[in-house]
>>> print(open('final-v7.cif').read())   # mmCIF, N, CA and C atoms
data_structure
#
loop_
_atom_site.label_atom_id
_atom_site.label_comp_id
_atom_site.auth_asym_id
_atom_site.auth_seq_id
_atom_site.Cartn_x
_atom_site.Cartn_y
_atom_site.Cartn_z
N MET A 179 0.84 -1.17 0.00
CA MET A 179 0.00 0.00 0.00
C MET A 179 0.90 1.24 0.00
N ALA A 180 0.67 2.13 -0.92
CA ALA A 180 1.45 3.37 -1.02
C ALA A 180 1.00 4.35 0.05
N TYR A 181 1.91 5.23 0.43
CA TYR A 181 1.62 6.20 1.49
C TYR A 181 0.34 6.97 1.20
N GLN A 182 0.19 7.45 -0.02
CA GLN A 182 -0.99 8.24 -0.33
C GLN A 182 -2.27 7.42 -0.29
N ASP A 183 -2.17 6.09 -0.27
CA ASP A 183 -3.34 5.23 -0.21
C ASP A 183 -3.78 4.93 1.21
N ILE A 184 -2.96 5.28 2.20
CA ILE A 184 -3.31 5.04 3.59
C ILE A 184 -4.40 6.02 3.97
N PRO A 185 -5.51 5.51 4.51
CA PRO A 185 -6.61 6.42 4.85
C PRO A 185 -6.19 7.40 5.96
N THR A 186 -6.21 8.68 5.65
CA THR A 186 -5.94 9.74 6.61
C THR A 186 -6.82 10.92 6.26
N ASP A 187 -6.86 11.85 7.14
CA ASP A 187 -7.58 13.09 6.89
C ASP A 187 -6.73 13.94 5.95
N GLN A 188 -7.19 14.15 4.75
CA GLN A 188 -6.42 14.90 3.74
C GLN A 188 -6.09 16.30 4.23
N ASP A 189 -7.00 16.93 4.94
CA ASP A 189 -6.73 18.27 5.45
C ASP A 189 -5.57 18.25 6.44
N ALA A 190 -5.50 17.21 7.27
CA ALA A 190 -4.42 17.09 8.24
C ALA A 190 -3.08 16.88 7.52
N ARG A 191 -3.08 16.05 6.48
CA ARG A 191 -1.85 15.84 5.70
C ARG A 191 -1.41 17.14 5.06
N THR A 192 -2.34 17.85 4.45
CA THR A 192 -2.02 19.12 3.80
C THR A 192 -1.47 20.12 4.82
N ALA A 193 -2.07 20.17 5.99
CA ALA A 193 -1.58 21.08 7.04
C ALA A 193 -0.17 20.71 7.47
N LEU A 194 0.11 19.41 7.59
CA LEU A 194 1.46 18.97 7.94
C LEU A 194 2.45 19.37 6.85
N PHE A 195 2.11 19.11 5.60
CA PHE A 195 3.01 19.47 4.50
C PHE A 195 3.26 20.97 4.47
N ASP A 196 2.22 21.77 4.69
CA ASP A 196 2.39 23.22 4.73
C ASP A 196 3.30 23.63 5.88
N ALA A 197 3.16 22.97 7.02
CA ALA A 197 4.03 23.28 8.17
C ALA A 197 5.49 22.99 7.82
N ILE A 198 5.74 21.86 7.18
CA ILE A 198 7.11 21.50 6.79
C ILE A 198 7.66 22.52 5.79
N LEU A 199 6.83 22.90 4.84
CA LEU A 199 7.27 23.87 3.83
C LEU A 199 7.55 25.25 4.43
N SER A 200 7.01 25.54 5.60
CA SER A 200 7.25 26.85 6.23
C SER A 200 8.61 26.94 6.92
N LEU A 201 9.27 25.81 7.13
CA LEU A 201 10.56 25.79 7.83
C LEU A 201 11.65 26.37 6.94
N ARG A 202 12.54 27.17 7.53
CA ARG A 202 13.53 27.88 6.73
C ARG A 202 14.97 27.48 6.99
N THR A 203 15.25 26.91 8.15
CA THR A 203 16.64 26.59 8.48
C THR A 203 16.73 25.16 9.03
N ARG A 204 17.94 24.64 9.06
CA ARG A 204 18.15 23.32 9.66
C ARG A 204 17.71 23.32 11.12
N GLU A 205 17.98 24.41 11.80
CA GLU A 205 17.61 24.52 13.21
C GLU A 205 16.10 24.45 13.39
N GLU A 206 15.36 25.12 12.49
CA GLU A 206 13.89 25.05 12.55
C GLU A 206 13.40 23.64 12.27
N VAL A 207 13.99 22.99 11.28
CA VAL A 207 13.62 21.61 10.97
C VAL A 207 13.90 20.71 12.17
N ASP A 208 15.07 20.88 12.77
CA ASP A 208 15.44 20.08 13.94
C ASP A 208 14.43 20.28 15.06
N ALA A 209 14.08 21.53 15.36
CA ALA A 209 13.14 21.81 16.44
C ALA A 209 11.77 21.20 16.14
N PHE A 210 11.29 21.36 14.92
CA PHE A 210 9.97 20.84 14.56
C PHE A 210 9.95 19.31 14.62
N LEU A 211 10.94 18.68 13.99
CA LEU A 211 10.96 17.21 13.99
C LEU A 211 11.19 16.65 15.40
N SER A 212 11.94 17.36 16.22
CA SER A 212 12.16 16.90 17.59
C SER A 212 10.87 16.93 18.40
N ASP A 213 9.99 17.88 18.10
CA ASP A 213 8.68 17.93 18.75
C ASP A 213 7.71 16.92 18.14
N LEU A 214 7.78 16.76 16.84
CA LEU A 214 6.81 15.94 16.12
C LEU A 214 7.09 14.44 16.22
N CYS A 215 8.35 14.06 16.21
CA CYS A 215 8.75 12.66 16.10
C CYS A 215 9.48 12.19 17.35
N THR A 216 9.46 10.88 17.55
CA THR A 216 10.28 10.30 18.61
C THR A 216 11.73 10.25 18.11
N PRO A 217 12.69 10.15 19.03
CA PRO A 217 14.08 10.02 18.59
C PRO A 217 14.28 8.82 17.65
N SER A 218 13.60 7.72 17.89
CA SER A 218 13.80 6.58 16.98
C SER A 218 13.17 6.80 15.62
N GLU A 219 12.11 7.58 15.53
CA GLU A 219 11.55 7.91 14.21
C GLU A 219 12.53 8.78 13.43
N ILE A 220 13.14 9.74 14.10
CA ILE A 220 14.12 10.60 13.42
C ILE A 220 15.33 9.77 12.98
N ARG A 221 15.78 8.86 13.85
CA ARG A 221 16.90 7.97 13.46
C ARG A 221 16.52 7.14 12.24
N ALA A 222 15.29 6.64 12.20
CA ALA A 222 14.85 5.84 11.04
C ALA A 222 14.84 6.67 9.77
N PHE A 223 14.36 7.91 9.86
CA PHE A 223 14.38 8.80 8.69
C PHE A 223 15.81 9.02 8.21
N ALA A 224 16.70 9.34 9.16
CA ALA A 224 18.10 9.60 8.83
C ALA A 224 18.76 8.37 8.22
N GLU A 225 18.45 7.20 8.78
CA GLU A 225 19.01 5.94 8.28
C GLU A 225 18.56 5.69 6.84
N ARG A 226 17.28 5.86 6.57
CA ARG A 226 16.76 5.64 5.20
C ARG A 226 17.38 6.64 4.23
N TRP A 227 17.53 7.88 4.68
CA TRP A 227 18.11 8.90 3.80
C TRP A 227 19.57 8.58 3.49
N GLU A 228 20.31 8.11 4.50
CA GLU A 228 21.71 7.72 4.29
C GLU A 228 21.78 6.55 3.31
N VAL A 229 20.88 5.59 3.44
CA VAL A 229 20.84 4.46 2.51
C VAL A 229 20.57 4.97 1.09
N ALA A 230 19.61 5.87 0.94
CA ALA A 230 19.30 6.41 -0.40
C ALA A 230 20.52 7.11 -1.00
N ARG A 231 21.22 7.90 -0.19
CA ARG A 231 22.40 8.61 -0.67
C ARG A 231 23.50 7.62 -1.09
N LEU A 232 23.71 6.58 -0.30
CA LEU A 232 24.74 5.59 -0.63
C LEU A 232 24.36 4.79 -1.87
N LEU A 233 23.10 4.43 -1.99
CA LEU A 233 22.65 3.72 -3.21
C LEU A 233 22.85 4.59 -4.43
N ASP A 234 22.50 5.86 -4.33
CA ASP A 234 22.64 6.78 -5.45
C ASP A 234 24.10 6.97 -5.85
N ALA A 235 24.99 6.98 -4.88
CA ALA A 235 26.41 7.16 -5.15
C ALA A 235 27.00 5.96 -5.89
N GLY A 236 26.43 4.78 -5.66
CA GLY A 236 26.90 3.57 -6.33
C GLY A 236 28.22 3.08 -5.78
N GLY A 237 28.66 1.94 -6.32
CA GLY A 237 29.96 1.41 -5.97
C GLY A 237 30.03 0.56 -4.72
N LYS A 238 28.91 0.37 -4.05
CA LYS A 238 28.90 -0.45 -2.84
C LYS A 238 27.81 -1.51 -2.96
N SER A 239 28.07 -2.64 -2.34
CA SER A 239 27.06 -3.69 -2.29
C SER A 239 25.99 -3.31 -1.27
N TYR A 240 24.85 -3.96 -1.34
CA TYR A 240 23.79 -3.73 -0.36
C TYR A 240 24.30 -4.03 1.05
N ARG A 241 25.10 -5.05 1.19
CA ARG A 241 25.65 -5.41 2.50
C ARG A 241 26.55 -4.28 3.03
N GLU A 242 27.41 -3.73 2.16
CA GLU A 242 28.28 -2.63 2.58
C GLU A 242 27.47 -1.39 2.97
N ILE A 243 26.42 -1.13 2.21
CA ILE A 243 25.56 0.01 2.51
C ILE A 243 24.87 -0.19 3.85
N ALA A 244 24.36 -1.39 4.09
CA ALA A 244 23.70 -1.68 5.36
C ALA A 244 24.66 -1.45 6.52
N GLU A 245 25.88 -1.91 6.38
CA GLU A 245 26.87 -1.73 7.45
C GLU A 245 27.20 -0.26 7.66
N GLN A 246 27.46 0.45 6.57
CA GLN A 246 27.85 1.86 6.69
C GLN A 246 26.72 2.71 7.26
N ALA A 247 25.49 2.43 6.85
CA ALA A 247 24.34 3.23 7.30
C ALA A 247 23.74 2.72 8.61
N HIS A 248 24.30 1.63 9.13
CA HIS A 248 23.75 1.01 10.35
C HIS A 248 22.28 0.65 10.14
N ALA A 249 22.00 0.12 8.95
CA ALA A 249 20.65 -0.24 8.56
C ALA A 249 20.56 -1.74 8.35
N SER A 250 19.36 -2.25 8.37
CA SER A 250 19.16 -3.66 8.08
C SER A 250 19.21 -3.87 6.57
N PRO A 251 19.56 -5.07 6.13
CA PRO A 251 19.50 -5.37 4.70
C PRO A 251 18.09 -5.15 4.14
N THR A 252 17.08 -5.42 4.94
CA THR A 252 15.70 -5.20 4.50
C THR A 252 15.45 -3.73 4.19
N THR A 253 15.99 -2.85 5.02
CA THR A 253 15.83 -1.41 4.78
C THR A 253 16.53 -1.01 3.49
N VAL A 254 17.71 -1.55 3.25
CA VAL A 254 18.44 -1.22 2.02
C VAL A 254 17.62 -1.67 0.80
N VAL A 255 17.09 -2.87 0.83
CA VAL A 255 16.28 -3.38 -0.29
C VAL A 255 15.04 -2.52 -0.49
N ARG A 256 14.38 -2.16 0.60
CA ARG A 256 13.16 -1.35 0.51
C ARG A 256 13.46 0.02 -0.08
N VAL A 257 14.52 0.68 0.40
CA VAL A 257 14.87 2.00 -0.13
C VAL A 257 15.27 1.89 -1.61
N ALA A 258 16.02 0.85 -1.95
CA ALA A 258 16.42 0.64 -3.35
C ALA A 258 15.19 0.49 -4.24
N ARG A 259 14.20 -0.24 -3.76
CA ARG A 259 12.98 -0.44 -4.55
C ARG A 259 12.26 0.89 -4.75
N PHE A 260 12.15 1.69 -3.68
CA PHE A 260 11.49 2.99 -3.81
C PHE A 260 12.29 3.92 -4.72
N LEU A 261 13.60 3.84 -4.64
CA LEU A 261 14.47 4.69 -5.45
C LEU A 261 14.33 4.36 -6.94
N LYS A 262 14.17 3.07 -7.24
CA LYS A 262 14.17 2.64 -8.64
C LYS A 262 12.78 2.46 -9.24
N GLU A 263 11.82 1.96 -8.47
CA GLU A 263 10.59 1.46 -9.09
C GLU A 263 9.32 2.21 -8.74
N MET A 264 9.27 2.84 -7.61
CA MET A 264 8.00 3.38 -7.16
C MET A 264 7.66 4.68 -7.90
N PRO A 265 6.37 4.93 -8.13
CA PRO A 265 5.98 6.08 -8.94
C PRO A 265 6.18 7.44 -8.27
N HIS A 266 6.31 7.48 -6.95
CA HIS A 266 6.40 8.77 -6.24
C HIS A 266 7.70 9.49 -6.60
N GLN A 267 8.81 8.75 -6.62
CA GLN A 267 10.13 9.27 -6.95
C GLN A 267 10.55 10.44 -6.05
N GLY A 268 10.14 10.38 -4.78
CA GLY A 268 10.52 11.41 -3.82
C GLY A 268 12.01 11.41 -3.53
N TYR A 269 12.57 10.21 -3.33
CA TYR A 269 14.02 10.14 -3.12
C TYR A 269 14.76 10.75 -4.30
N ARG A 270 14.37 10.35 -5.51
CA ARG A 270 15.05 10.82 -6.72
C ARG A 270 14.95 12.33 -6.84
N LEU A 271 13.77 12.87 -6.59
CA LEU A 271 13.57 14.31 -6.67
C LEU A 271 14.57 15.05 -5.78
N VAL A 272 14.67 14.64 -4.53
CA VAL A 272 15.54 15.34 -3.59
C VAL A 272 17.01 15.08 -3.89
N LEU A 273 17.36 13.84 -4.21
CA LEU A 273 18.75 13.54 -4.56
C LEU A 273 19.22 14.40 -5.73
N ASP A 274 18.40 14.49 -6.76
CA ASP A 274 18.76 15.30 -7.92
C ASP A 274 18.80 16.78 -7.58
N ARG A 275 17.87 17.23 -6.76
CA ARG A 275 17.81 18.64 -6.41
C ARG A 275 19.02 19.08 -5.61
N ILE A 276 19.47 18.26 -4.68
CA ILE A 276 20.60 18.69 -3.86
C ILE A 276 21.93 18.57 -4.60
N LYS A 277 21.95 17.85 -5.71
CA LYS A 277 23.16 17.77 -6.52
C LYS A 277 23.37 19.02 -7.36
N ARG A 278 22.30 19.71 -7.70
CA ARG A 278 22.38 20.89 -8.56
C ARG A 278 22.90 22.08 -7.76
N PRO A 279 23.84 22.81 -8.33
CA PRO A 279 24.32 24.00 -7.61
C PRO A 279 23.23 25.06 -7.56
N ARG A 280 23.20 25.78 -6.45
CA ARG A 280 22.25 26.89 -6.31
C ARG A 280 22.84 28.14 -6.92
N HIS A 281 22.00 28.92 -7.55
CA HIS A 281 22.47 30.18 -8.17
C HIS A 281 21.96 31.35 -7.38
#
>>> encode(input="final-v7.cif", output="structure tokens")
Amino acid sequence: MAYQDIPTDQDARTALFDAILSLRTREEVDAFLSDLCTPSEIRAFAERWEVARLLDAGGKSYREIAEQAHASPTTVVRVARFLKEMPHQGYRLVLDRIKRPRH
């Protein structure tokens, strides 16, 4: 089941997305996520993002990525699948965006 298919209040999702879009600095993001999420949720987000970055960089096996990111092999496989196959392409969007120099 895709994230957007999970039954939730659309207005609540939109309000959350708008709140995230209002953040301007790393410090603001840190403060907001520290209030919104548990420490283990934030660690899980960071772990998945590190896996996505390592997969995108290439040159490492899934096992090496799991070890470096302190992630399970299952997490590496799941992130790889989302990076390559899923229609949302959120990982790809951000990976490509942060590679481009800002003008």
>>> select_by_dssp(input="final-v7.cif", residues="chain A", states="helix (DSSP H, G or I)", output="short mmCIF file (atom, residue, chain, number, x, y, z; two decimals) with N, CA and C atoms, in the coordinates of the input")
data_model
loop_
_atom_site.label_atom_id
_atom_site.label_comp_id
_atom_site.auth_asym_id
_atom_site.auth_seq_id
_atom_site.Cartn_x
_atom_site.Cartn_y
_atom_site.Cartn_z
N TYR A 181 1.91 5.23 0.43
CA TYR A 181 1.62 6.20 1.49
C TYR A 181 0.34 6.97 1.20
N GLN A 182 0.19 7.45 -0.02
CA GLN A 182 -0.99 8.24 -0.33
C GLN A 182 -2.27 7.42 -0.29
N ASP A 183 -2.17 6.09 -0.27
CA ASP A 183 -3.34 5.23 -0.21
C ASP A 183 -3.78 4.93 1.21
N GLN A 188 -7.19 14.15 4.75
CA GLN A 188 -6.42 14.90 3.74
C GLN A 188 -6.09 16.30 4.23
N ASP A 189 -7.00 16.93 4.94
CA ASP A 189 -6.73 18.27 5.45
C ASP A 189 -5.57 18.25 6.44
N ALA A 190 -5.50 17.21 7.27
CA ALA A 190 -4.42 17.09 8.24
C ALA A 190 -3.08 16.88 7.52
N ARG A 191 -3.08 16.05 6.48
CA ARG A 191 -1.85 15.84 5.70
C ARG A 191 -1.41 17.14 5.06
N THR A 192 -2.34 17.85 4.45
CA THR A 192 -2.02 19.12 3.80
C THR A 192 -1.47 20.12 4.82
N ALA A 193 -2.07 20.17 5.99
CA ALA A 193 -1.58 21.08 7.04
C ALA A 193 -0.17 20.71 7.47
N LEU A 194 0.11 19.41 7.59
CA LEU A 194 1.46 18.97 7.94
C LEU A 194 2.45 19.37 6.85
N PHE A 195 2.11 19.11 5.60
CA PHE A 195 3.01 19.47 4.50
C PHE A 195 3.26 20.97 4.47
N ASP A 196 2.22 21.77 4.69
CA ASP A 196 2.39 23.22 4.73
C ASP A 196 3.30 23.63 5.88
N ALA A 197 3.16 22.97 7.02
CA ALA A 197 4.03 23.28 8.17
C ALA A 197 5.49 22.99 7.82
N ILE A 198 5.74 21.86 7.18
CA ILE A 198 7.11 21.50 6.79
C ILE A 198 7.66 22.52 5.79
N LEU A 199 6.83 22.90 4.84
CA LEU A 199 7.27 23.87 3.83
C LEU A 199 7.55 25.25 4.43
N ARG A 204 17.94 24.64 9.06
CA ARG A 204 18.15 23.32 9.66
C ARG A 204 17.71 23.32 11.12
N GLU A 205 17.98 24.41 11.80
CA GLU A 205 17.61 24.52 13.21
C GLU A 205 16.10 24.45 13.39
N GLU A 206 15.36 25.12 12.49
CA GLU A 206 13.89 25.05 12.55
C GLU A 206 13.40 23.64 12.27
N VAL A 207 13.99 22.99 11.28
CA VAL A 207 13.62 21.61 10.97
C VAL A 207 13.90 20.71 12.17
N ASP A 208 15.07 20.88 12.77
CA ASP A 208 15.44 20.08 13.94
C ASP A 208 14.43 20.28 15.06
N ALA A 209 14.08 21.53 15.36
CA ALA A 209 13.14 21.81 16.44
C ALA A 209 11.77 21.20 16.14
N PHE A 210 11.29 21.36 14.92
CA PHE A 210 9.97 20.84 14.56
C PHE A 210 9.95 19.31 14.62
N LEU A 211 10.94 18.68 13.99
CA LEU A 211 10.96 17.21 13.99
C LEU A 211 11.19 16.65 15.40
N SER A 212 11.94 17.36 16.22
CA SER A 212 12.16 16.90 17.59
C SER A 212 10.87 16.93 18.40
N ASP A 213 9.99 17.88 18.10
CA ASP A 213 8.68 17.93 18.75
C ASP A 213 7.71 16.92 18.14
N LEU A 214 7.78 16.76 16.84
CA LEU A 214 6.81 15.94 16.12
C LEU A 214 7.09 14.44 16.22
N PRO A 217 12.69 10.15 19.03
CA PRO A 217 14.08 10.02 18.59
C PRO A 217 14.28 8.82 17.65
N SER A 218 13.60 7.72 17.89
CA SER A 218 13.80 6.58 16.98
C SER A 218 13.17 6.80 15.62
N GLU A 219 12.11 7.58 15.53
CA GLU A 219 11.55 7.91 14.21
C GLU A 219 12.53 8.78 13.43
N ILE A 220 13.14 9.74 14.10
CA ILE A 220 14.12 10.60 13.42
C ILE A 220 15.33 9.77 12.98
N ARG A 221 15.78 8.86 13.85
CA ARG A 221 16.90 7.97 13.46
C ARG A 221 16.52 7.14 12.24
N ALA A 222 15.29 6.64 12.20
CA ALA A 222 14.85 5.84 11.04
C ALA A 222 14.84 6.67 9.77
N PHE A 223 14.36 7.91 9.86
CA PHE A 223 14.38 8.80 8.69
C PHE A 223 15.81 9.02 8.21
N ALA A 224 16.70 9.34 9.16
CA ALA A 224 18.10 9.60 8.83
C ALA A 224 18.76 8.37 8.22
N GLU A 225 18.45 7.20 8.78
CA GLU A 225 19.01 5.94 8.28
C GLU A 225 18.56 5.69 6.84
N ARG A 226 17.28 5.86 6.57
CA ARG A 226 16.76 5.64 5.20
C ARG A 226 17.38 6.64 4.23
N TRP A 227 17.53 7.88 4.68
CA TRP A 227 18.11 8.90 3.80
C TRP A 227 19.57 8.58 3.49
N GLU A 228 20.31 8.11 4.50
CA GLU A 228 21.71 7.72 4.29
C GLU A 228 21.78 6.55 3.31
N VAL A 229 20.88 5.59 3.44
CA VAL A 229 20.84 4.46 2.51
C VAL A 229 20.57 4.97 1.09
N ALA A 230 19.61 5.87 0.94
CA ALA A 230 19.30 6.41 -0.40
C ALA A 230 20.52 7.11 -1.00
N ARG A 231 21.22 7.90 -0.19
CA ARG A 231 22.40 8.61 -0.67
C ARG A 231 23.50 7.62 -1.09
N LEU A 232 23.71 6.58 -0.30
CA LEU A 232 24.74 5.59 -0.63
C LEU A 232 24.36 4.79 -1.87
N LEU A 233 23.10 4.43 -1.99
CA LEU A 233 22.65 3.72 -3.21
C LEU A 233 22.85 4.59 -4.43
N ASP A 234 22.50 5.86 -4.33
CA ASP A 234 22.64 6.78 -5.45
C ASP A 234 24.10 6.97 -5.85
N ALA A 235 24.99 6.98 -4.88
CA ALA A 235 26.41 7.16 -5.15
C ALA A 235 27.00 5.96 -5.89
N TYR A 240 24.85 -3.96 -1.34
CA TYR A 240 23.79 -3.73 -0.36
C TYR A 240 24.30 -4.03 1.05
N ARG A 241 25.10 -5.05 1.19
CA ARG A 241 25.65 -5.41 2.50
C ARG A 241 26.55 -4.28 3.03
N GLU A 242 27.41 -3.73 2.16
CA GLU A 242 28.28 -2.63 2.58
C GLU A 242 27.47 -1.39 2.97
N ILE A 243 26.42 -1.13 2.21
CA ILE A 243 25.56 0.01 2.51
C ILE A 243 24.87 -0.19 3.85
N ALA A 244 24.36 -1.39 4.09
CA ALA A 244 23.70 -1.68 5.36
C ALA A 244 24.66 -1.45 6.52
N GLU A 245 25.88 -1.91 6.38
CA GLU A 245 26.87 -1.73 7.45
C GLU A 245 27.20 -0.26 7.66
N GLN A 246 27.46 0.45 6.57
CA GLN A 246 27.85 1.86 6.69
C GLN A 246 26.72 2.71 7.26
N ALA A 247 25.49 2.43 6.85
CA ALA A 247 24.34 3.23 7.30
C ALA A 247 23.74 2.72 8.61
N PRO A 251 19.56 -5.07 6.13
CA PRO A 251 19.50 -5.37 4.70
C PRO A 251 18.09 -5.15 4.14
N THR A 252 17.08 -5.42 4.94
CA THR A 252 15.70 -5.20 4.50
C THR A 252 15.45 -3.73 4.19
N THR A 253 15.99 -2.85 5.02
CA THR A 253 15.83 -1.41 4.78
C THR A 253 16.53 -1.01 3.49
N VAL A 254 17.71 -1.55 3.25
CA VAL A 254 18.44 -1.22 2.02
C VAL A 254 17.62 -1.67 0.80
N VAL A 255 17.09 -2.87 0.83
CA VAL A 255 16.28 -3.38 -0.29
C VAL A 255 15.04 -2.52 -0.49
N ARG A 256 14.38 -2.16 0.60
CA ARG A 256 13.16 -1.35 0.51
C ARG A 256 13.46 0.02 -0.08
N VAL A 257 14.52 0.68 0.40
CA VAL A 257 14.87 2.00 -0.13
C VAL A 257 15.27 1.89 -1.61
N ALA A 258 16.02 0.85 -1.95
CA ALA A 258 16.42 0.64 -3.35
C ALA A 258 15.19 0.49 -4.24
N ARG A 259 14.20 -0.24 -3.76
CA ARG A 259 12.98 -0.44 -4.55
C ARG A 259 12.26 0.89 -4.75
N PHE A 260 12.15 1.69 -3.68
CA PHE A 260 11.49 2.99 -3.81
C PHE A 260 12.29 3.92 -4.72
N LEU A 261 13.60 3.84 -4.64
CA LEU A 261 14.47 4.69 -5.45
C LEU A 261 14.33 4.36 -6.94
N LYS A 262 14.17 3.07 -7.24
CA LYS A 262 14.17 2.64 -8.64
C LYS A 262 12.78 2.46 -9.24
N GLY A 268 10.14 10.38 -4.78
CA GLY A 268 10.52 11.41 -3.82
C GLY A 268 12.01 11.41 -3.53
N TYR A 269 12.57 10.21 -3.33
CA TYR A 269 14.02 10.14 -3.12
C TYR A 269 14.76 10.75 -4.30
N ARG A 270 14.37 10.35 -5.51
CA ARG A 270 15.05 10.82 -6.72
C ARG A 270 14.95 12.33 -6.84
N LEU A 271 13.77 12.87 -6.59
CA LEU A 271 13.57 14.31 -6.67
C LEU A 271 14.57 15.05 -5.78
N VAL A 272 14.67 14.64 -4.53
CA VAL A 272 15.54 15.34 -3.59
C VAL A 272 17.01 15.08 -3.89
N LEU A 273 17.36 13.84 -4.21
CA LEU A 273 18.75 13.54 -4.56
C LEU A 273 19.22 14.40 -5.73
N ASP A 274 18.40 14.49 -6.76
CA ASP A 274 18.76 15.30 -7.92
C ASP A 274 18.80 16.78 -7.58
N ARG A 275 17.87 17.23 -6.76
CA ARG A 275 17.81 18.64 -6.41
C ARG A 275 19.02 19.08 -5.61
N ILE A 276 19.47 18.26 -4.68
CA ILE A 276 20.60 18.69 -3.86
C ILE A 276 21.93 18.57 -4.60
N LYS A 277 21.95 17.85 -5.71
CA LYS A 277 23.16 17.77 -6.52
C LYS A 277 23.37 19.02 -7.36
#
>>> resolve_selection(input="final-v7.cif", expression="the PyMOL selection byres (((chain A and resi 234 and name CA) around 12) and name CA)", output="compact mmCIF listing (two decimals) with N, CA and C atoms, in the frame of the given file")
# COMPACT_ATOMS: atom_id res chain seq x y z
N TRP A 227 17.53 7.88 4.68
CA TRP A 227 18.11 8.90 3.80
C TRP A 227 19.57 8.58 3.49
N GLU A 228 20.31 8.11 4.50
CA GLU A 228 21.71 7.72 4.29
C GLU A 228 21.78 6.55 3.31
N VAL A 229 20.88 5.59 3.44
CA VAL A 229 20.84 4.46 2.51
C VAL A 229 20.57 4.97 1.09
N ALA A 230 19.61 5.87 0.94
CA ALA A 230 19.30 6.41 -0.40
C ALA A 230 20.52 7.11 -1.00
N ARG A 231 21.22 7.90 -0.19
CA ARG A 231 22.40 8.61 -0.67
C ARG A 231 23.50 7.62 -1.09
N LEU A 232 23.71 6.58 -0.30
CA LEU A 232 24.74 5.59 -0.63
C LEU A 232 24.36 4.79 -1.87
N LEU A 233 23.10 4.43 -1.99
CA LEU A 233 22.65 3.72 -3.21
C LEU A 233 22.85 4.59 -4.43
N ALA A 235 24.99 6.98 -4.88
CA ALA A 235 26.41 7.16 -5.15
C ALA A 235 27.00 5.96 -5.89
N GLY A 236 26.43 4.78 -5.66
CA GLY A 236 26.90 3.57 -6.33
C GLY A 236 28.22 3.08 -5.78
N GLY A 237 28.66 1.94 -6.32
CA GLY A 237 29.96 1.41 -5.97
C GLY A 237 30.03 0.56 -4.72
N LYS A 238 28.91 0.37 -4.05
CA LYS A 238 28.90 -0.45 -2.84
C LYS A 238 27.81 -1.51 -2.96
N SER A 239 28.07 -2.64 -2.34
CA SER A 239 27.06 -3.69 -2.29
C SER A 239 25.99 -3.31 -1.27
N TYR A 240 24.85 -3.96 -1.34
CA TYR A 240 23.79 -3.73 -0.36
C TYR A 240 24.30 -4.03 1.05
N ILE A 243 26.42 -1.13 2.21
CA ILE A 243 25.56 0.01 2.51
C ILE A 243 24.87 -0.19 3.85
N VAL A 254 17.71 -1.55 3.25
CA VAL A 254 18.44 -1.22 2.02
C VAL A 254 17.62 -1.67 0.80
N VAL A 257 14.52 0.68 0.40
CA VAL A 257 14.87 2.00 -0.13
C VAL A 257 15.27 1.89 -1.61
N ALA A 258 16.02 0.85 -1.95
CA ALA A 258 16.42 0.64 -3.35
C ALA A 258 15.19 0.49 -4.24
N PHE A 260 12.15 1.69 -3.68
CA PHE A 260 11.49 2.99 -3.81
C PHE A 260 12.29 3.92 -4.72
N LEU A 261 13.60 3.84 -4.64
CA LEU A 261 14.47 4.69 -5.45
C LEU A 261 14.33 4.36 -6.94
N LYS A 262 14.17 3.07 -7.24
CA LYS A 262 14.17 2.64 -8.64
C LYS A 262 12.78 2.46 -9.24
N TYR A 269 12.57 10.21 -3.33
CA TYR A 269 14.02 10.14 -3.12
C TYR A 269 14.76 10.75 -4.30
N ARG A 270 14.37 10.35 -5.51
CA ARG A 270 15.05 10.82 -6.72
C ARG A 270 14.95 12.33 -6.84
N LEU A 271 13.77 12.87 -6.59
CA LEU A 271 13.57 14.31 -6.67
C LEU A 271 14.57 15.05 -5.78
N VAL A 272 14.67 14.64 -4.53
CA VAL A 272 15.54 15.34 -3.59
C VAL A 272 17.01 15.08 -3.89
N LEU A 273 17.36 13.84 -4.21
CA LEU A 273 18.75 13.54 -4.56
C LEU A 273 19.22 14.40 -5.73
N ASP A 274 18.40 14.49 -6.76
CA ASP A 274 18.76 15.30 -7.92
C ASP A 274 18.80 16.78 -7.58
N LYS A 277 21.95 17.85 -5.71
CA LYS A 277 23.16 17.77 -6.52
C LYS A 277 23.37 19.02 -7.36
>>> atom_distance(input="final-v7.cif", atom1="atom C of Ala222 in chain A", atom2="atom N of Ala249 in chain A")
9.7 Å
>>> axis_aligned_box(input="final-v7.cif", around="range 220-236 of chain A", padding_each_side="8 Å", output="AutoDock Vina command-line options")
--center_x 20.7 --center_y 6.8 --center_z 3.9 --size_x 31.1 --size_y 23.5 --size_z 36.4
>>> atom_distance(input="final-v7.cif", atom1="CA of Ala247 in chain A", atom2="CA of Glu225 in chain A")
6.1 Å
